[in-house]
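Novice: File run.txt below, compact mmCIF, C-alpha atoms:
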```
# COMPACT_ATOMS: atom_id res chain seq x y z
CA ASN A 1 -13.22 -50.86 39.47
CA SER A 2 -10.07 -52.27 41.05
CA ALA A 3 -9.01 -48.89 42.40
CA TYR A 4 -11.48 -49.15 45.28
CA ILE A 5 -9.27 -51.84 46.82
CA ALA A 6 -6.40 -49.58 47.83
CA HIS A 7 -8.58 -46.74 49.09
CA LEU A 8 -10.63 -48.77 51.55
CA GLY A 9 -10.87 -52.53 51.40
CA VAL A 10 -10.47 -55.89 53.09
CA ILE A 11 -8.45 -58.75 51.64
CA ASP A 12 -7.71 -62.29 52.76
CA ARG A 13 -4.18 -62.03 54.15
CA GLU A 14 -3.21 -65.69 53.71
CA THR A 15 -4.40 -65.75 50.11
CA ALA A 16 -2.59 -62.48 49.42
CA LEU A 17 0.67 -63.88 50.80
CA ASN A 18 0.30 -67.04 48.74
CA LEU A 19 -0.16 -64.90 45.63
CA ASN A 20 2.92 -62.76 46.41
CA VAL A 21 1.04 -59.47 46.34
CA TYR A 22 3.08 -56.28 46.76
CA SER A 23 6.20 -58.13 45.60
CA ASP A 24 6.75 -56.84 42.06
CA PRO A 25 8.77 -53.61 41.76
CA ASP A 26 7.50 -53.18 38.19
CA THR A 27 4.01 -52.53 39.55
CA GLU A 28 5.09 -50.01 42.18
CA GLY A 29 2.44 -47.32 42.27
CA SER A 30 -0.29 -49.65 41.03
CA ALA A 31 -0.35 -52.12 43.90
CA ASP A 32 -4.14 -52.10 44.00
CA TRP A 33 -4.36 -53.09 40.34
CA ASP A 34 -1.73 -55.78 40.80
CA LEU A 35 -3.48 -57.24 43.83
CA PHE A 36 -6.80 -57.35 42.02
CA VAL A 37 -5.32 -59.02 38.92
CA ARG A 38 -3.45 -61.64 40.96
CA PHE A 39 -6.66 -62.55 42.79
CA LEU A 40 -8.59 -62.55 39.51
CA LEU A 41 -6.14 -64.87 37.75
CA ALA A 42 -6.28 -67.21 40.75
CA GLY A 43 -10.04 -67.51 40.37
CA HIS A 44 -11.12 -65.14 43.15
CA SER A 45 -13.59 -62.29 42.81
CA ALA A 46 -14.03 -58.90 44.46
CA ALA A 47 -17.19 -57.39 45.91
CA HIS A 48 -17.97 -53.69 45.89
CA ILE A 49 -19.97 -52.37 48.86
CA PRO A 50 -21.36 -49.01 47.70
CA GLU A 51 -22.81 -48.09 51.10
CA VAL A 52 -19.34 -47.62 52.60
CA VAL A 53 -18.41 -43.93 52.46
CA TYR A 54 -14.91 -42.61 53.04
CA SER A 55 -13.16 -39.27 52.76
CA TRP A 56 -10.43 -38.60 50.25
CA ARG A 57 -7.19 -36.94 51.34
CA MET A 58 -5.81 -35.02 48.36
CA HIS A 59 -2.46 -33.37 48.99
CA ALA A 60 -0.03 -31.46 46.80
CA SER A 61 1.83 -34.61 45.73
CA SER A 62 -1.22 -36.79 45.29
CA THR A 63 -1.85 -38.52 41.98
CA ALA A 64 -5.51 -37.72 42.60
CA GLU A 65 -4.51 -34.12 41.96
CA ASP A 66 -2.18 -34.89 39.05
CA ALA A 67 -1.10 -38.33 37.80
CA LEU A 68 2.21 -36.82 36.66
CA HIS A 69 3.28 -36.58 40.31
CA LYS A 70 4.23 -40.24 39.92
CA PRO A 71 5.78 -40.55 36.45
CA TYR A 72 6.20 -44.30 36.88
CA ILE A 73 2.43 -44.84 37.11
CA HIS A 74 2.00 -45.45 33.39
CA ASN A 75 4.70 -48.12 33.28
CA SER A 76 3.35 -49.84 36.38
CA GLN A 77 -0.19 -49.95 35.01
CA ARG A 78 1.11 -51.36 31.74
CA ALA A 79 2.98 -54.05 33.70
CA VAL A 80 -0.18 -55.05 35.55
CA LEU A 81 -2.19 -55.31 32.34
CA GLN A 82 0.58 -57.35 30.75
CA ARG A 83 0.42 -59.68 33.75
CA TYR A 84 -3.28 -60.10 33.07
CA LEU A 85 -2.60 -61.01 29.43
CA ASP A 86 0.26 -63.33 30.38
CA GLY A 87 -2.06 -65.11 32.79
CA SER A 88 -4.56 -65.77 30.03
CA SER A 89 -4.19 -68.06 27.04
CA HIS A 90 -4.09 -65.08 24.66
CA SER A 91 -0.89 -63.26 25.60
CA ASP A 92 0.35 -63.21 22.00
CA ASP A 93 -2.96 -62.04 20.55
CA TYR A 94 -3.19 -58.59 22.18
CA SER A 95 -0.95 -55.64 22.91
CA VAL A 96 -1.28 -53.17 25.78
CA GLU A 97 -1.62 -49.74 24.19
CA TYR A 98 -2.82 -46.29 25.17
CA SER A 99 -6.44 -45.71 24.27
CA PRO A 100 -6.56 -43.48 21.18
CA LEU A 101 -9.86 -42.10 22.49
CA LEU A 102 -8.33 -40.61 25.65
CA PRO A 103 -4.91 -39.32 24.57
CA GLY A 104 -2.42 -38.27 27.20
CA SER A 105 -3.97 -40.19 30.08
CA ALA A 106 -3.32 -43.58 31.62
CA ASP A 107 -6.28 -45.18 29.85
CA TRP A 108 -5.55 -48.43 28.12
CA TRP A 109 -6.70 -50.61 25.26
CA LEU A 110 -5.94 -54.31 24.89
CA ARG A 111 -5.70 -54.06 21.13
CA PRO A 112 -6.21 -57.25 19.11
CA ARG A 113 -3.28 -58.19 16.89
CA ARG A 114 -5.60 -59.79 14.33
CA ASN A 115 -3.96 -63.18 14.70
CA LYS A 116 -6.99 -65.47 14.72
CA ALA A 117 -10.23 -64.83 12.86
CA ARG A 118 -13.48 -66.44 13.96
CA PRO A 119 -16.30 -67.28 11.52
CA LEU A 120 -18.45 -64.17 11.07
CA LEU A 121 -21.81 -63.63 9.41
CA ILE A 122 -23.00 -60.06 8.88
CA ALA A 123 -26.76 -59.69 8.98
CA VAL A 124 -27.61 -56.48 7.15
CA LEU A 125 -30.86 -55.28 8.70
CA THR A 126 -32.97 -53.61 6.03
CA HIS A 127 -36.10 -51.48 6.23
CA SER A 128 -37.67 -53.37 3.33
CA ASP A 129 -40.44 -55.90 4.02
CA ALA A 130 -38.95 -58.30 1.48
CA PRO A 131 -35.19 -57.83 1.48
CA LYS A 132 -33.18 -59.12 -1.41
CA PRO A 133 -29.44 -59.54 -1.53
CA GLY A 134 -28.31 -56.02 -2.26
CA GLN A 135 -25.35 -53.77 -2.19
CA LYS A 136 -23.10 -54.30 0.77
CA PRO A 137 -22.13 -51.26 2.84
CA LYS A 138 -19.43 -49.19 1.19
CA PHE A 139 -17.22 -48.88 4.25
CA SER A 140 -14.57 -51.54 4.48
CA PHE A 141 -12.92 -53.48 7.25
CA ASP A 142 -10.09 -55.95 7.28
CA TYR A 143 -11.53 -59.31 8.29
CA PRO A 144 -10.84 -62.48 6.32
CA ASP A 145 -13.81 -64.76 7.02
CA VAL A 146 -17.15 -63.02 6.37
CA ARG A 147 -20.54 -64.10 5.02
CA TRP A 148 -23.44 -61.74 4.30
CA GLU A 149 -27.21 -62.09 4.70
CA PHE A 150 -30.05 -59.55 4.41
CA VAL A 151 -32.90 -59.52 6.94
CA SER A 152 -35.93 -57.24 7.24
CA ILE A 153 -36.30 -55.47 10.56
CA HIS A 154 -40.07 -55.91 10.16
CA SER A 155 -39.82 -59.70 10.40
CA HIS A 156 -40.07 -61.53 13.73
CA PRO A 157 -36.71 -62.36 15.31
CA HIS A 158 -37.38 -66.02 14.57
CA SER A 159 -36.53 -65.14 10.97
CA LEU A 160 -32.96 -65.19 12.26
CA ASP A 161 -33.13 -68.94 12.91
CA GLY A 162 -31.67 -69.58 9.49
CA LEU A 163 -28.60 -67.51 10.30
CA CYS A 164 -27.82 -69.78 13.22
CA GLU A 165 -28.13 -72.79 10.94
CA THR A 166 -25.97 -71.14 8.30
CA LEU A 167 -23.26 -70.39 10.84
CA SER A 168 -22.94 -73.82 12.39
CA ASP A 169 -19.49 -73.21 13.88
CA PRO A 170 -19.81 -73.07 17.70
CA ASP A 171 -17.17 -70.33 17.81
CA GLY A 172 -18.97 -68.20 15.25
CA PHE A 173 -20.34 -64.68 15.60
CA ILE A 174 -23.16 -62.77 13.95
CA CYS A 175 -22.96 -59.03 13.40
CA PHE A 176 -26.15 -57.00 13.27
CA LEU A 177 -25.51 -54.08 10.94
CA ALA A 178 -28.38 -51.77 10.05
CA GLN A 179 -28.49 -50.79 6.40
CA ASP A 180 -28.99 -47.20 7.55
CA ILE A 181 -25.47 -47.13 9.03
CA GLU A 182 -23.53 -44.70 6.85
CA SER A 183 -20.03 -45.00 8.27
CA ILE A 184 -18.03 -46.75 10.98
CA ASP A 185 -15.21 -44.93 12.74
CA CYS A 186 -12.76 -47.69 13.64
CA SER A 187 -11.55 -50.40 11.26
CA ASP A 188 -10.77 -52.66 14.24
CA TRP A 189 -14.42 -52.97 15.24
CA VAL A 190 -14.87 -56.67 14.39
CA TRP A 191 -11.61 -57.64 16.06
CA GLU A 192 -12.53 -55.51 19.07
CA ALA A 193 -15.90 -57.19 19.57
CA ILE A 194 -14.63 -60.72 19.13
CA GLY A 195 -11.57 -59.91 21.23
CA LEU A 196 -13.70 -58.81 24.18
CA ALA A 197 -15.67 -62.05 23.95
CA GLU A 198 -12.41 -63.99 23.81
CA LEU A 199 -10.78 -62.25 26.78
CA HIS A 200 -14.00 -62.41 28.81
CA PRO A 201 -15.70 -65.69 27.78
CA GLU A 202 -18.95 -64.86 29.55
CA THR A 203 -19.44 -61.99 27.08
CA VAL A 204 -22.16 -62.86 24.57
CA MET A 205 -22.92 -59.51 22.92
CA VAL A 206 -20.90 -56.37 22.21
CA GLY A 207 -22.40 -53.15 20.91
CA GLY A 208 -21.35 -49.59 20.45
CA ARG A 209 -22.64 -46.10 20.04
CA ILE A 210 -24.62 -44.46 17.26
CA ARG A 211 -24.53 -40.75 16.53
CA ASN A 212 -26.47 -38.82 13.94
CA LYS A 213 -25.05 -36.33 11.44
CA LYS A 214 -25.53 -33.56 13.99
CA ARG A 215 -23.08 -35.51 16.17
CA ILE A 216 -25.68 -36.30 18.81
CA ILE A 217 -25.69 -39.73 20.45
CA THR A 218 -28.88 -41.68 19.79
CA ALA A 219 -27.77 -45.04 21.23
CA ALA A 220 -24.95 -46.36 23.42
CA GLY A 221 -25.03 -48.57 26.51
CA PHE A 222 -28.57 -49.32 27.74
CA GLN A 223 -29.79 -49.85 31.31
CA PHE A 224 -32.90 -51.75 32.34
CA GLY A 225 -35.33 -49.41 34.05
CA PHE A 226 -33.91 -46.16 32.74
CA ASP A 227 -36.61 -43.98 31.20
CA GLY A 228 -38.83 -47.04 30.72
CA PRO A 229 -38.10 -50.75 30.57
CA CYS A 230 -34.75 -50.27 28.79
CA GLY A 231 -33.19 -46.93 27.95
CA CYS A 232 -29.89 -45.23 27.22
CA PRO A 233 -28.72 -42.73 29.89
CA ASP A 234 -26.29 -41.16 27.41
CA ARG A 235 -28.85 -40.52 24.69
CA GLY A 236 -28.73 -36.87 23.61
CA ARG A 237 -25.08 -36.26 24.46
CA SER A 238 -22.69 -34.61 22.08
CA ALA A 239 -20.47 -37.21 20.43
CA ILE A 240 -17.40 -35.44 21.86
CA ASP A 241 -18.77 -35.49 25.43
CA ARG A 242 -16.81 -38.06 27.43
CA GLY A 243 -19.74 -38.56 29.77
CA TYR A 244 -19.82 -39.68 33.39
CA PHE A 245 -16.25 -40.62 34.38
CA ALA A 246 -15.40 -40.71 30.64
CA GLN A 247 -17.52 -43.86 30.28
CA MET A 248 -18.52 -42.95 26.73
CA PHE A 249 -14.93 -43.60 25.68
CA LYS A 250 -14.38 -46.76 27.74
CA GLU A 251 -15.34 -50.42 27.37
CA ARG A 252 -17.77 -51.44 30.10
CA SER A 253 -20.55 -53.83 31.01
CA VAL A 254 -24.14 -52.69 30.45
CA SER A 255 -27.64 -54.15 30.58
CA ALA A 256 -28.05 -54.16 26.80
CA VAL A 257 -26.90 -52.73 23.48
CA SER A 258 -28.75 -51.90 20.27
CA THR A 259 -29.06 -54.34 17.39
CA GLN A 260 -28.52 -51.38 15.08
CA PHE A 261 -24.81 -52.17 15.36
CA ALA A 262 -23.69 -55.11 17.49
CA VAL A 263 -21.89 -58.46 17.44
CA ILE A 264 -23.40 -61.51 19.15
CA ARG A 265 -22.23 -65.06 19.74
CA ALA A 266 -24.07 -67.31 17.31
CA ASP A 267 -24.74 -70.03 19.88
CA PHE A 268 -26.16 -67.49 22.33
CA LEU A 269 -28.44 -66.05 19.65
CA CYS A 270 -29.75 -69.54 18.88
CA ASP A 271 -30.46 -70.12 22.57
CA LEU A 272 -32.13 -66.70 22.85
CA LEU A 273 -34.40 -67.40 19.88
CA ARG A 274 -35.48 -70.70 21.43
CA ASN A 275 -35.95 -69.62 25.02
CA GLY A 276 -35.77 -65.87 25.57
CA LEU A 277 -38.40 -64.15 23.42
CA ALA A 278 -42.08 -63.27 23.47
CA PRO A 279 -44.58 -63.14 20.58
CA GLN A 280 -44.28 -59.33 20.65
CA SER A 281 -40.46 -59.37 20.28
CA SER A 282 -38.98 -57.41 17.39
CA ILE A 283 -35.57 -57.12 15.78
CA PRO A 284 -35.16 -53.39 16.66
CA PHE A 285 -35.69 -54.19 20.37
CA LEU A 286 -33.87 -57.53 20.26
CA GLY A 287 -30.89 -56.09 22.13
CA ALA A 288 -33.05 -55.62 25.23
CA TRP A 289 -34.35 -59.19 25.04
CA ALA A 290 -30.78 -60.43 24.60
CA GLY A 291 -29.62 -58.42 27.60
CA ALA A 292 -32.34 -59.83 29.83
CA TYR A 293 -31.62 -63.38 28.73
CA ALA A 294 -27.89 -62.82 29.27
CA LEU A 295 -28.55 -61.63 32.82
CA ARG A 296 -30.72 -64.67 33.55
CA THR A 297 -28.11 -67.08 32.21
CA GLY A 298 -25.07 -65.52 33.88
CA LYS A 299 -23.68 -63.90 30.74
CA ARG A 300 -22.37 -60.43 30.00
CA VAL A 301 -23.22 -57.65 27.53
CA VAL A 302 -20.51 -55.09 26.78
CA TYR A 303 -20.48 -51.57 25.36
CA SER A 304 -17.37 -50.60 23.42
CA PRO A 305 -16.64 -47.12 22.03
CA PHE A 306 -14.56 -48.78 19.31
CA LEU A 307 -17.86 -49.81 17.73
CA SER A 308 -18.92 -46.31 16.75
CA ALA A 309 -21.09 -45.52 13.75
CA VAL A 310 -23.18 -42.81 12.07
CA SER A 311 -26.87 -43.06 11.22
CA ASP A 312 -29.71 -40.58 11.01
CA VAL A 313 -32.28 -43.30 11.70
CA ASP A 314 -33.26 -43.32 15.37
CA TRP A 315 -33.98 -46.94 16.31
CA GLU A 316 -35.52 -45.84 19.59
CA THR A 317 -38.66 -45.06 17.57
CA LEU A 318 -38.88 -48.50 15.92
CA SER A 319 -40.26 -50.51 18.85
CA GLY A 320 -43.79 -49.96 20.12
CA PRO A 321 -45.44 -49.78 23.54
CA GLU A 322 -46.96 -53.25 23.26
CA GLU A 323 -43.56 -54.89 22.98
CA LYS A 324 -42.08 -52.78 25.76
CA GLN A 325 -45.00 -53.69 28.02
CA ALA A 326 -44.44 -57.36 27.22
CA PHE A 327 -40.74 -56.98 28.00
CA LEU A 328 -41.55 -55.30 31.30
CA GLY A 329 -44.07 -57.98 32.22
CA ARG A 330 -41.64 -60.80 31.55
CA ASN A 331 -38.61 -59.13 33.16
CA ARG A 332 -40.08 -57.11 35.99
CA ASP A 333 -37.76 -58.87 38.45
CA LEU A 334 -34.70 -57.54 36.58
CA ILE A 335 -35.84 -53.92 36.43
CA PRO A 336 -34.23 -51.63 37.40
CA ASP A 337 -30.79 -53.12 36.84
CA ARG A 338 -28.41 -51.42 39.25
CA ARG A 339 -25.31 -53.48 38.51
CA PHE A 340 -23.72 -50.80 36.33
CA TYR A 341 -25.79 -47.70 37.02
CA PRO A 342 -25.50 -46.32 40.57
CA ARG A 343 -28.56 -47.04 42.67
CA TYR A 344 -28.79 -43.47 43.92
CA PHE A 345 -28.97 -41.98 40.43
CA SER A 346 -32.20 -40.93 38.80
CA LEU A 347 -33.87 -43.21 36.26
CA HIS A 348 -35.65 -40.31 34.54
CA GLY A 349 -34.56 -39.47 31.02
CA THR A 350 -33.72 -35.83 31.68
CA GLU A 351 -31.84 -36.53 34.93
CA ALA A 352 -29.28 -39.18 33.94
CA TYR A 353 -26.35 -39.55 36.36
CA GLN A 354 -27.94 -37.12 38.84
CA ILE A 355 -28.80 -37.96 42.44
CA ALA A 356 -32.49 -38.84 42.55
```
Would you mind writing the structure in this file as structure tokens?

Specialist:
Amino acid sequence: NSAYIAHLGVIDRETALNLNVYSDPDTEGSADWDLFVRFLLAGHSAAHIPEVVYSWRMHASSTAEDALHKPYIHNSQRAVLQRYLDGSSHSDDYSVEYSPLLPGSADWWLRPRRNKARPLLIAVLTHSDAPKPGQKPKFSFDYPDVRWEFVSIHSHPHSLDGLCETLSDPDGFICFLAQDIESIDCSDWVWEAIGLAELHPETVMVGGRIRNKKRIITAAGFQFGFDGPCGCPDRGRSAIDRGYFAQMFKERSVSAVSTQFAVIRADFLCDLLRNGLAPQSSIPFLGAWAGAYALRTGKRVVYSPFLSAVSDVDWETLSGPEEKQAFLGRNRDLIPDRRFYPRYFSLHGTEAYQIA
């Protein structure tokens, strides 16, 4: 979160001067964002020290009280995000727009303009032991380069080897789409997933959230060590609940996502199948194995609310204790994963986001 920089932080003065920080009037009011983005584009990184505690002075004219106290904030944030796009090689492929999930607030979406399609294979995950090419899902999406395969969730993940061979393009992606998915909310979901991987090249897997017909979340972003070896802190929420700091409606890094509905880089999947699995691995729990292998290889897994679907099949029940024990045994050094879930929060299922 770049906002920590302005509240209490230390920066390298010489580097900051060389990067002309605090020099752009278009980013007035978002100097912390602008500083962070300039450093980021120059190849520098920031470190967050969570042990530092500071008090917050909130006065009558503070934007902490009401962002409308500074009406230029929205324009300045947009300018910073446009600088980020202009500093990448994809400035013409995305537009800076308000997030449709958080209307009225300064929350943003780098929306893909659908300029460049990557090769995509959709693996429809069936509950049949011997899947045959069947009816494709009825919901539609606008993507020009798609191939379809049908895979049983009861087969070992190595049954996916053929998909990697089928999709030989190194820039290709494979979408895991459970046959029990009944509808998808956003028609931009493919472009969103591939766009995140394009803007952040270390991203190897993007997944979303699943809600049942009662509008209860059954899967979203997963964290290693939460309620077992790999669990979802937001499981059980209402679908309209924004969650902790509105994270349910924001793109963010997580330990893992569910293969019930996710997009993965084809080359990463091939590497995972060769080097990152155990004999007990299953397709329903493959997202956890992928997340662990991504962490070990310096890659990223992302949750996006723009991948949002409906299913009454709870995939949490499809993986057994033997596999989870094998996952824990192989990845004990990664658990718990506190990169994206505060270290002082409880890991118990009924106490998510509460101080332990």

Novice: Which is closer to A:Ala178 than all the others in A:Ile210, A:Cys270, A:Ile240, A:Leu347, using all atoms listed in the file?

Specialist: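 Checking each candidate against A:Ala178, we get A:Ile210 as the closest.
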
Novice: Which is closest to A:His158 among A:Ser308, A:Ser319, A:Ser346, A:Gln280, if we use all atoms listed in the file?

Specialist: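 The closest residue to A:His158 is A:Gln280.
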
Novice: Could you check the closest approach to A:Ala278 for each of A:Ile335, A:Ala326, A:Leu121, A:Ala106 and tell me which residue wins, using all atoms listed in the file?

Specialist: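 Closest residue, counting all atoms listed in the file: A:Ala326.
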
Novice: Quick check, in Å to one decimal: how far apart do atom CA of A:Arg338 and atom CA of A:Cys230 lie?

Specialist: 12.3 Å

Novice: Anything within 8 Å of (-26.1, -64.5, 26.5): list those residues as a count of residues only, counting only C-alpha atoms and sticking to the file's coordinates.

Specialist: 18

Novice: Please indicate the distance in Å from atom CA of A:Lys214 to atom CA of A:Asp314, rounded to one decimal place.

Specialist: 12.5 Å

Novice: Need to verify the contact set: A:Tyr353, 10 Å, all atoms listed in the file, exclusion of same-chain residues closer than 5 positions in sequence. Can you return it as number ranges by chain?

Specialist: A: 233-234, 243-244, 341-342, 344-348

Novice: Measuring atom to atom with all atoms listed in the file, identify which of A:Val206, A:Val37, A:Ala31, A:Leu167 is nearest to A:Ser76.

Specialist: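 Among the listed residues, the smallest separation from A:Ser76 belongs to A:Ala31.
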
Novice: What gap, in Å, lies between atom CA of A:Tyr303 and atom CA of A:Ser45?

Specialist: 21.6 Å

Novice: Mind listing as a PyMOL selection string all residues within 12 Å of (-31.6, -30.8, 22.4), counting only C-alpha atoms?

Specialist: chain A and resi 214-218+235-238+350

Novice: Go ahead and dump the residues you just picked, C-alpha atoms, as a compact mmCIF listing (two decimals), in the coordinates of the input.

Specialist:
```txt
# COMPACT_ATOMS: atom_id res chain seq x y z
CA LYS A 214 -25.53 -33.56 13.99
CA ARG A 215 -23.08 -35.51 16.17
CA ILE A 216 -25.68 -36.30 18.81
CA ILE A 217 -25.69 -39.73 20.45
CA THR A 218 -28.88 -41.68 19.79
CA ARG A 235 -28.85 -40.52 24.69
CA GLY A 236 -28.73 -36.87 23.61
CA ARG A 237 -25.08 -36.26 24.46
CA SER A 238 -22.69 -34.61 22.08
CA THR A 350 -33.72 -35.83 31.68
```

Novice: Which residues are close to stretch 151-156 of chain A, i.e. within 9 Å by only C-alpha atoms, leaving aside same-chain residues fewer than 5 positions away? Reply as number ranges by chain.

Specialist: A: 123-132, 178, 279-284

Novice: Kindly assemble as CSV a list of the stretch 219-308 of chain A residues that lie within 12 Å of stretch 109-115 of chain A, each paired with its nearest atom pair and their distance in Å to one decimal, using only C-alpha atoms, sorted first by chain and then by ascending residue number.

Specialist:
```
residue,atom,partner,partner_atom,distance
A:Phe249,CA,A:Trp109,CA,10.8
A:Lys250,CA,A:Trp109,CA,8.9
A:Glu251,CA,A:Trp109,CA,8.9
A:Ser304,CA,A:Trp109,CA,10.8
A:Pro305,CA,A:Trp109,CA,11.0
A:Phe306,CA,A:Trp109,CA,10.0
```

Novice: Residues within 10 Å of A:Lys324, please, as a list in words. Count only C-alpha atoms; anything in the same chain fewer than 3 positions from it doesn't count.

Specialist: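 Within the cut-off, the hits are Gly228, Pro229, Cys230, Gln280, Ser281, Phe285, Ala288, Ser319, Gly320, Pro321, Phe327, Leu328, Gly329 and Arg330 of chain A.
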
Novice: So, with only C-alpha atoms as the atoms that count, which of A:Val257, A:Leu35, A:Leu19, A:Val302 lies closest to A:Leu81?

Specialist: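 Using only C-alpha atoms, A:Leu81 sits closest to A:Leu35.
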
Novice: Select, from A:Pro100, A:Gly162, A:Gly287, A:Pro25, the residue with the minimum atom-to-atom distance to A:Ala219, counting only C-alpha atoms.

Specialist: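 Of A:Pro100, A:Gly162, A:Gly287, A:Pro25, the one nearest A:Ala219 is A:Gly287, counting only C-alpha atoms.
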
Novice: Any chance you could work out the axis-aligned box around stretch 152-161 of chain A, listed atoms only, 3 Å on each side, giving centre and edge lengths in Å to one decimal, as AutoDock Vina command-line options?

Specialist:
```
--center_x -36.5 --center_y -62.2 --center_z 11.3 --size_x 13.1 --size_y 19.5 --size_z 14.1
```

Novice: Excluding same-chain residues fewer than 3 positions from A:Leu199, what lies within 8 Å of it counting all atoms listed in the file, as a list in words?

Specialist: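 Near neighbours after the sequence-gap exclusion: Ser88, His90, Gly195 and Leu196 of chain A.
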
Novice: Reconstruct N, CA and C atoms of stretch 19-40 of chain A from the incomplete input and present them as a short mmCIF file (atom, residue, chain, number, x, y, z; two decimals), keeping the file's coordinate frame.

Specialist:
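Written output follows (selection-v2.cif):
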```cif
data_model
loop_
_atom_site.label_atom_id
_atom_site.label_comp_id
_atom_site.auth_asym_id
_atom_site.auth_seq_id
_atom_site.Cartn_x
_atom_site.Cartn_y
_atom_site.Cartn_z
N LEU A 19 -0.21 -65.44 46.99
CA LEU A 19 -0.16 -64.90 45.63
C LEU A 19 0.95 -63.86 45.45
N ASN A 20 1.76 -63.67 46.49
CA ASN A 20 2.92 -62.76 46.41
C ASN A 20 2.53 -61.33 46.05
N VAL A 21 1.43 -60.85 46.62
CA VAL A 21 1.04 -59.47 46.34
C VAL A 21 2.08 -58.51 46.92
N TYR A 22 2.16 -57.34 46.35
CA TYR A 22 3.08 -56.28 46.76
C TYR A 22 4.55 -56.70 46.62
N SER A 23 4.84 -57.62 45.72
CA SER A 23 6.20 -58.13 45.60
C SER A 23 6.91 -57.73 44.31
N ASP A 24 6.19 -57.11 43.38
CA ASP A 24 6.75 -56.84 42.06
C ASP A 24 7.11 -55.36 41.94
N PRO A 25 8.39 -55.03 41.87
CA PRO A 25 8.77 -53.61 41.76
C PRO A 25 8.27 -52.95 40.48
N ASP A 26 7.99 -53.75 39.44
CA ASP A 26 7.50 -53.18 38.19
C ASP A 26 6.09 -52.62 38.32
N THR A 27 5.37 -53.03 39.36
CA THR A 27 4.01 -52.53 39.55
C THR A 27 3.92 -51.54 40.70
N GLU A 28 5.07 -51.03 41.14
CA GLU A 28 5.09 -50.01 42.18
C GLU A 28 4.26 -48.81 41.75
N GLY A 29 3.34 -48.41 42.61
CA GLY A 29 2.44 -47.32 42.27
C GLY A 29 1.09 -47.79 41.79
N SER A 30 0.99 -49.07 41.46
CA SER A 30 -0.29 -49.65 41.03
C SER A 30 -0.55 -50.95 41.80
N ALA A 31 -0.22 -50.91 43.08
CA ALA A 31 -0.35 -52.12 43.90
C ALA A 31 -1.78 -52.61 43.98
N ASP A 32 -2.74 -51.69 43.94
CA ASP A 32 -4.14 -52.10 44.00
C ASP A 32 -4.53 -52.87 42.74
N TRP A 33 -4.11 -52.37 41.59
CA TRP A 33 -4.36 -53.09 40.34
C TRP A 33 -3.73 -54.47 40.38
N ASP A 34 -2.46 -54.52 40.81
CA ASP A 34 -1.73 -55.78 40.80
C ASP A 34 -2.39 -56.80 41.73
N LEU A 35 -2.79 -56.35 42.90
CA LEU A 35 -3.48 -57.24 43.83
C LEU A 35 -4.75 -57.80 43.21
N PHE A 36 -5.54 -56.92 42.62
CA PHE A 36 -6.80 -57.35 42.02
C PHE A 36 -6.55 -58.38 40.92
N VAL A 37 -5.58 -58.12 40.05
CA VAL A 37 -5.32 -59.02 38.92
C VAL A 37 -4.80 -60.36 39.41
N ARG A 38 -3.95 -60.37 40.42
CA ARG A 38 -3.45 -61.64 40.96
C ARG A 38 -4.61 -62.47 41.52
N PHE A 39 -5.49 -61.83 42.26
CA PHE A 39 -6.66 -62.55 42.79
C PHE A 39 -7.54 -63.04 41.65
N LEU A 40 -7.74 -62.19 40.64
CA LEU A 40 -8.59 -62.55 39.51
C LEU A 40 -8.05 -63.76 38.77
#
```
